[in-house]
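Colleague: Quick one: the structure is below, questions incoming.
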Amino acid sequence: MINRDQLRLQKQQQCEERIAAVYRRLPKLQELDQAIGQKNIAMIRAGVLQKNNAERDTLRQEIEGLMQQRHQVLQENGMDETIYEPDWNCPLCQDRGYTEPGVLCSCYQKERLDDLFLRSGMSEAMRQFTFENFETRYYTNAEDMDHKVRWCRQFVQQIQQGKCSQCLFLTGGVGRGKTHLSAAIANAVLENGNTVIYRRAADLFELIRQYRYEENRQKFEEMLEQLRTCDLLVIDDLGAERTTEFVIEQLVILLEERNYRNKPWIISSNLSINEIISTYNDRTADRILDKAVLFKLDMQESIRVAKAKERMMAF
Ligand SMILES: [Zn+2]
């Protein structure tokens, strides 16, 4: 995230340097600005000392006259009063991040979303997967699929409200939309400002394996803590990784930790739950079945093939 105090300071310094450069070119402008400054101070003093109004009126008129002269000098040189204003990235909040105390600016919210997205581990391509572009008509039972998508939308809402007690196990062959649906959920969860970690199973276990032998125990613990506590954990393509005792143990520990804390997860896999039992063990299957709703994504052929056929028909 941006250090906003530093950014503001930098922008102000740039502005001062710009004005100094203009002064070197136009000494007349500097004289006028100094005169305006002095008159302003005199006016504040007159106000504080509550001298007669006539003096303040005179000063005000003099300032207005000087400002007109300044405007003219600026115009003759192709500029206007905006040279006195720092080049804010966001003029709305002048890079403070809030528009008034307690009200976050849209630029800050966008920055936070980008940051959440970056930390989630999802690729840019995955950011395009939404509920809106998930096409249920390709499925064997489109109505049933519509129902499942509605369930997924509610799942997102429950995560936002911190009231989610269920998880999701997506099964189905290659190209059946498991990644699309889990990424759509993850994107919606991120949009709500919640934290997500999204990893392919093979990458996740490789990461845990690498970190385990890392000298820096604190880094390892921090990573595990994030995996245990993020608002949503997505493990994509379970079963594609090389299964070892270590992988099984880590998966069980992770699911137990999250289930215990009522933290939702999504697992997608080409394997059926029976194949999960035979590939991993009963304990892994139990941890999945304890919490998860099972969705099978069923269609005759992969979405890619179905779309290609449609294009051929149209041709
Ligand atoms: Zn802003």
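Within each chain, counting starts at residue 1; across the structure tokens, chains are named A, B, ... in the order shown, with ligands numbered 1 upward in that order.
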Using only C-alpha atoms and all ligand atoms, find each residue with an atom at most 8 Å away from ligand 1 and format the answer as a list in words.
Modeller: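 Checking only C-alpha atoms and all ligand atoms against ligand 1 at 8 Å gives Asn89, Cys90, Pro91, Leu92, Cys93, Gln94, Asp95, Arg96, Gly97, Tyr98, Thr99, Leu104, Cys105, Ser106, Cys107 and Tyr108 of chain A.
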Colleague: For the residues selected in the previous step, produce a file with N, CA and C atoms as a PDB file, in the first residue's frame.
Modeller:
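This is the output file part.pdb:
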ATOM      1  N   ASN A  89      -2.422  12.666  -7.513  1.00  0.00           N
ATOM      2  CA  ASN A  89      -2.912  11.489  -8.255  1.00  0.00           C
ATOM      3  C   ASN A  89      -4.434  11.476  -8.199  1.00  0.00           C
ATOM      4  N   CYS A  90      -4.956  11.856  -7.044  1.00  0.00           N
ATOM      5  CA  CYS A  90      -6.405  11.891  -6.860  1.00  0.00           C
ATOM      6  C   CYS A  90      -6.789  13.272  -6.330  1.00  0.00           C
ATOM      7  N   PRO A  91      -7.262  14.175  -7.209  1.00  0.00           N
ATOM      8  CA  PRO A  91      -7.618  15.532  -6.759  1.00  0.00           C
ATOM      9  C   PRO A  91      -8.752  15.524  -5.732  1.00  0.00           C
ATOM     10  N   LEU A  92      -9.558  14.457  -5.769  1.00  0.00           N
ATOM     11  CA  LEU A  92     -10.718  14.366  -4.889  1.00  0.00           C
ATOM     12  C   LEU A  92     -10.306  14.418  -3.410  1.00  0.00           C
ATOM     13  N   CYS A  93      -9.254  13.691  -3.055  1.00  0.00           N
ATOM     14  CA  CYS A  93      -8.840  13.635  -1.647  1.00  0.00           C
ATOM     15  C   CYS A  93      -7.437  14.223  -1.472  1.00  0.00           C
ATOM     16  N   GLN A  94      -6.862  14.777  -2.557  1.00  0.00           N
ATOM     17  CA  GLN A  94      -5.496  15.289  -2.536  1.00  0.00           C
ATOM     18  C   GLN A  94      -4.541  14.238  -1.959  1.00  0.00           C
ATOM     19  N   ASP A  95      -4.758  12.997  -2.358  1.00  0.00           N
ATOM     20  CA  ASP A  95      -3.920  11.836  -2.001  1.00  0.00           C
ATOM     21  C   ASP A  95      -3.896  11.529  -0.500  1.00  0.00           C
ATOM     22  N   ARG A  96      -4.888  12.034   0.230  1.00  0.00           N
ATOM     23  CA  ARG A  96      -4.961  11.692   1.652  1.00  0.00           C
ATOM     24  C   ARG A  96      -5.523  10.288   1.855  1.00  0.00           C
ATOM     25  N   GLY A  97      -6.397   9.862   0.906  1.00  0.00           N
ATOM     26  CA  GLY A  97      -7.031   8.544   1.051  1.00  0.00           C
ATOM     27  C   GLY A  97      -8.413   8.644   1.682  1.00  0.00           C
ATOM     28  N   TYR A  98      -8.727   9.831   2.206  1.00  0.00           N
ATOM     29  CA  TYR A  98     -10.075  10.044   2.743  1.00  0.00           C
ATOM     30  C   TYR A  98     -10.549  11.433   2.337  1.00  0.00           C
ATOM     31  N   THR A  99     -11.842  11.574   2.162  1.00  0.00           N
ATOM     32  CA  THR A  99     -12.387  12.861   1.730  1.00  0.00           C
ATOM     33  C   THR A  99     -12.776  13.725   2.923  1.00  0.00           C
ATOM     34  N   LEU A 104     -13.592   7.041   3.583  1.00  0.00           N
ATOM     35  CA  LEU A 104     -12.512   6.637   2.675  1.00  0.00           C
ATOM     36  C   LEU A 104     -12.818   7.082   1.247  1.00  0.00           C
ATOM     37  N   CYS A 105     -11.778   7.527   0.568  1.00  0.00           N
ATOM     38  CA  CYS A 105     -11.933   7.956  -0.827  1.00  0.00           C
ATOM     39  C   CYS A 105     -11.983   6.724  -1.734  1.00  0.00           C
ATOM     40  N   SER A 106     -12.604   6.878  -2.904  1.00  0.00           N
ATOM     41  CA  SER A 106     -12.699   5.748  -3.845  1.00  0.00           C
ATOM     42  C   SER A 106     -11.308   5.278  -4.286  1.00  0.00           C
ATOM     43  N   CYS A 107     -10.342   6.202  -4.351  1.00  0.00           N
ATOM     44  CA  CYS A 107      -8.990   5.807  -4.772  1.00  0.00           C
ATOM     45  C   CYS A 107      -8.371   4.849  -3.754  1.00  0.00           C
ATOM     46  N   TYR A 108      -8.656   5.077  -2.479  1.00  0.00           N
ATOM     47  CA  TYR A 108      -8.117   4.204  -1.435  1.00  0.00           C
ATOM     48  C   TYR A 108      -8.766   2.824  -1.516  1.00  0.00           C
TER      49      TYR A 108
END
Colleague: Would you give me, as a PyMOL selection string, the residues in range 27-140 of chain A that DSSP reads as helix (DSSP H, G or I)?
Modeller: chain A and resi 27-48+53-76+81-84+106-120+125-128+136-138
Colleague: Between A:Thr136, A:Ser269, A:Gln161, A:Asn274, which residue has the minimum interatomic distance to Lys296 in chain A, considering only C-alpha atoms?
Modeller: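 Residue with the minimum atom-to-atom distance to Lys296 in chain A: A:Ser269.
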Colleague: Write out as a VMD selection string which residues come within 12 Å of Arg150 in chain A when counting only C-alpha atoms, dropping same-chain ones fewer than 5 positions away.
Modeller: chain A and resid 131 to 132 134 136 143 to 145 155 to 157 181 185
Colleague: What are the nearest atom pairs, with distances in Å to one decimal, for all residues of range 69-111 of chain A that come at most 8 Å from range 19-37 of chain A, using only C-alpha atoms, set out by chain and rising residue number as JSON lines?
Modeller:
{"residue": "A:Gln69", "atom": "CA", "partner": "A:Leu32", "partner_atom": "CA", "distance": 7.9}
{"residue": "A:Arg70", "atom": "CA", "partner": "A:Leu32", "partner_atom": "CA", "distance": 6.4}
{"residue": "A:Val73", "atom": "CA", "partner": "A:Leu29", "partner_atom": "CA", "distance": 7.0}
{"residue": "A:Leu74", "atom": "CA", "partner": "A:Leu29", "partner_atom": "CA", "distance": 7.9}
{"residue": "A:Ile83", "atom": "CA", "partner": "A:Ile19", "partner_atom": "CA", "distance": 7.0}
{"residue": "A:Tyr84", "atom": "CA", "partner": "A:Ile19", "partner_atom": "CA", "distance": 7.0}
Colleague: With only C-alpha atoms counted and 12 Å as the cut-off, give the residues of range 113-151 of chain A in contact with range 218-241 of chain A, each with its shortest interatomic distance in Å and the pair that gives it, as a tab-separated table.
Modeller:
residue	atom	partner	partner_atom	distance
A:Leu116	CA	A:Cys230	CA	10.9
A:Arg119	CA	A:Gln226	CA	10.5
A:Ser120	CA	A:Leu233	CA	9.1
A:Gly121	CA	A:Val234	CA	10.2
A:Met122	CA	A:Val234	CA	10.1
Colleague: Out of range 235-266 of chain A, which residues get strand (DSSP E) from DSSP, as a VMD selection string?
Modeller: chain A and resid 235 to 238 265 to 266
Colleague: Closest to Ile267 in chain A among A:Gly172, A:Gly193, A:Gly102, A:Gly78, using only C-alpha atoms?
Modeller: A:Gly172
Colleague: Between CA of Arg283 in chain A and CA of Leu254 in chain A, what is the distance in Å, rounded to a tenth?
Modeller: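 Calculated distance between CA of Arg283 in chain A and CA of Leu254 in chain A is 12.4 Å.
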Colleague: So which one's closest to Arg176 in chain A, A:Ile63, A:Met299, A:Val189, A:Ala142? Using only C-alpha atoms, please.
Modeller: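 Residue with the minimum atom-to-atom distance to Arg176 in chain A: A:Met299.
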Colleague: Using only C-alpha atoms, which of A:Glu81, A:Glu215, A:Asp290, A:Glu206 sits nearest Thr243 in chain A?
Modeller: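 Closest residue, counting only C-alpha atoms: A:Glu206.
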Colleague: Just how far from CA of Arg60 in chain A is CA of Lys39 in chain A, in Å to one decimal?
Modeller: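 Atom-to-atom, CA of Lys39 in chain A and CA of Arg60 in chain A are spaced 8.3 Å apart.
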Colleague: Rank A:Thr140, A:Gln72, A:Gln154, A:Arg242 by their smallest atom-to-atom distance to Ser302 in chain A, using only C-alpha atoms, and report the top residue only.
Modeller: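 So, comparing all the options, the nearest one is A:Thr140.
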Colleague: Have a look at A:Ala292, A:Ala183, A:Leu9, A:Ala285 and name the one nearest to Pro86 in chain A; count only C-alpha atoms.
Modeller: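 Comparing A:Ala292, A:Ala183, A:Leu9, A:Ala285 against Pro86 in chain A, the winner is A:Leu9.
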Colleague: Give me the residues within 9 Å of Arg209 in chain A as a CSV table (one decimal) with C-alpha atoms, in the first residue's frame, counting only C-alpha atoms and dropping any in the same chain fewer than 5 places off.
Modeller:
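around-v9.csv was written with the following content:
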chain,number,residue,atom,x,y,z
A,204,LEU,CA,0.3,-24.8,-2.4
A,246,PHE,CA,3.6,-34.9,3.7
A,247,VAL,CA,0.9,-33.5,1.4
Colleague: Take CA of Arg304 in chain A and CA of Glu135 in chain A and report the distance between them in Å, one decimal.
Modeller: 11.8 Å
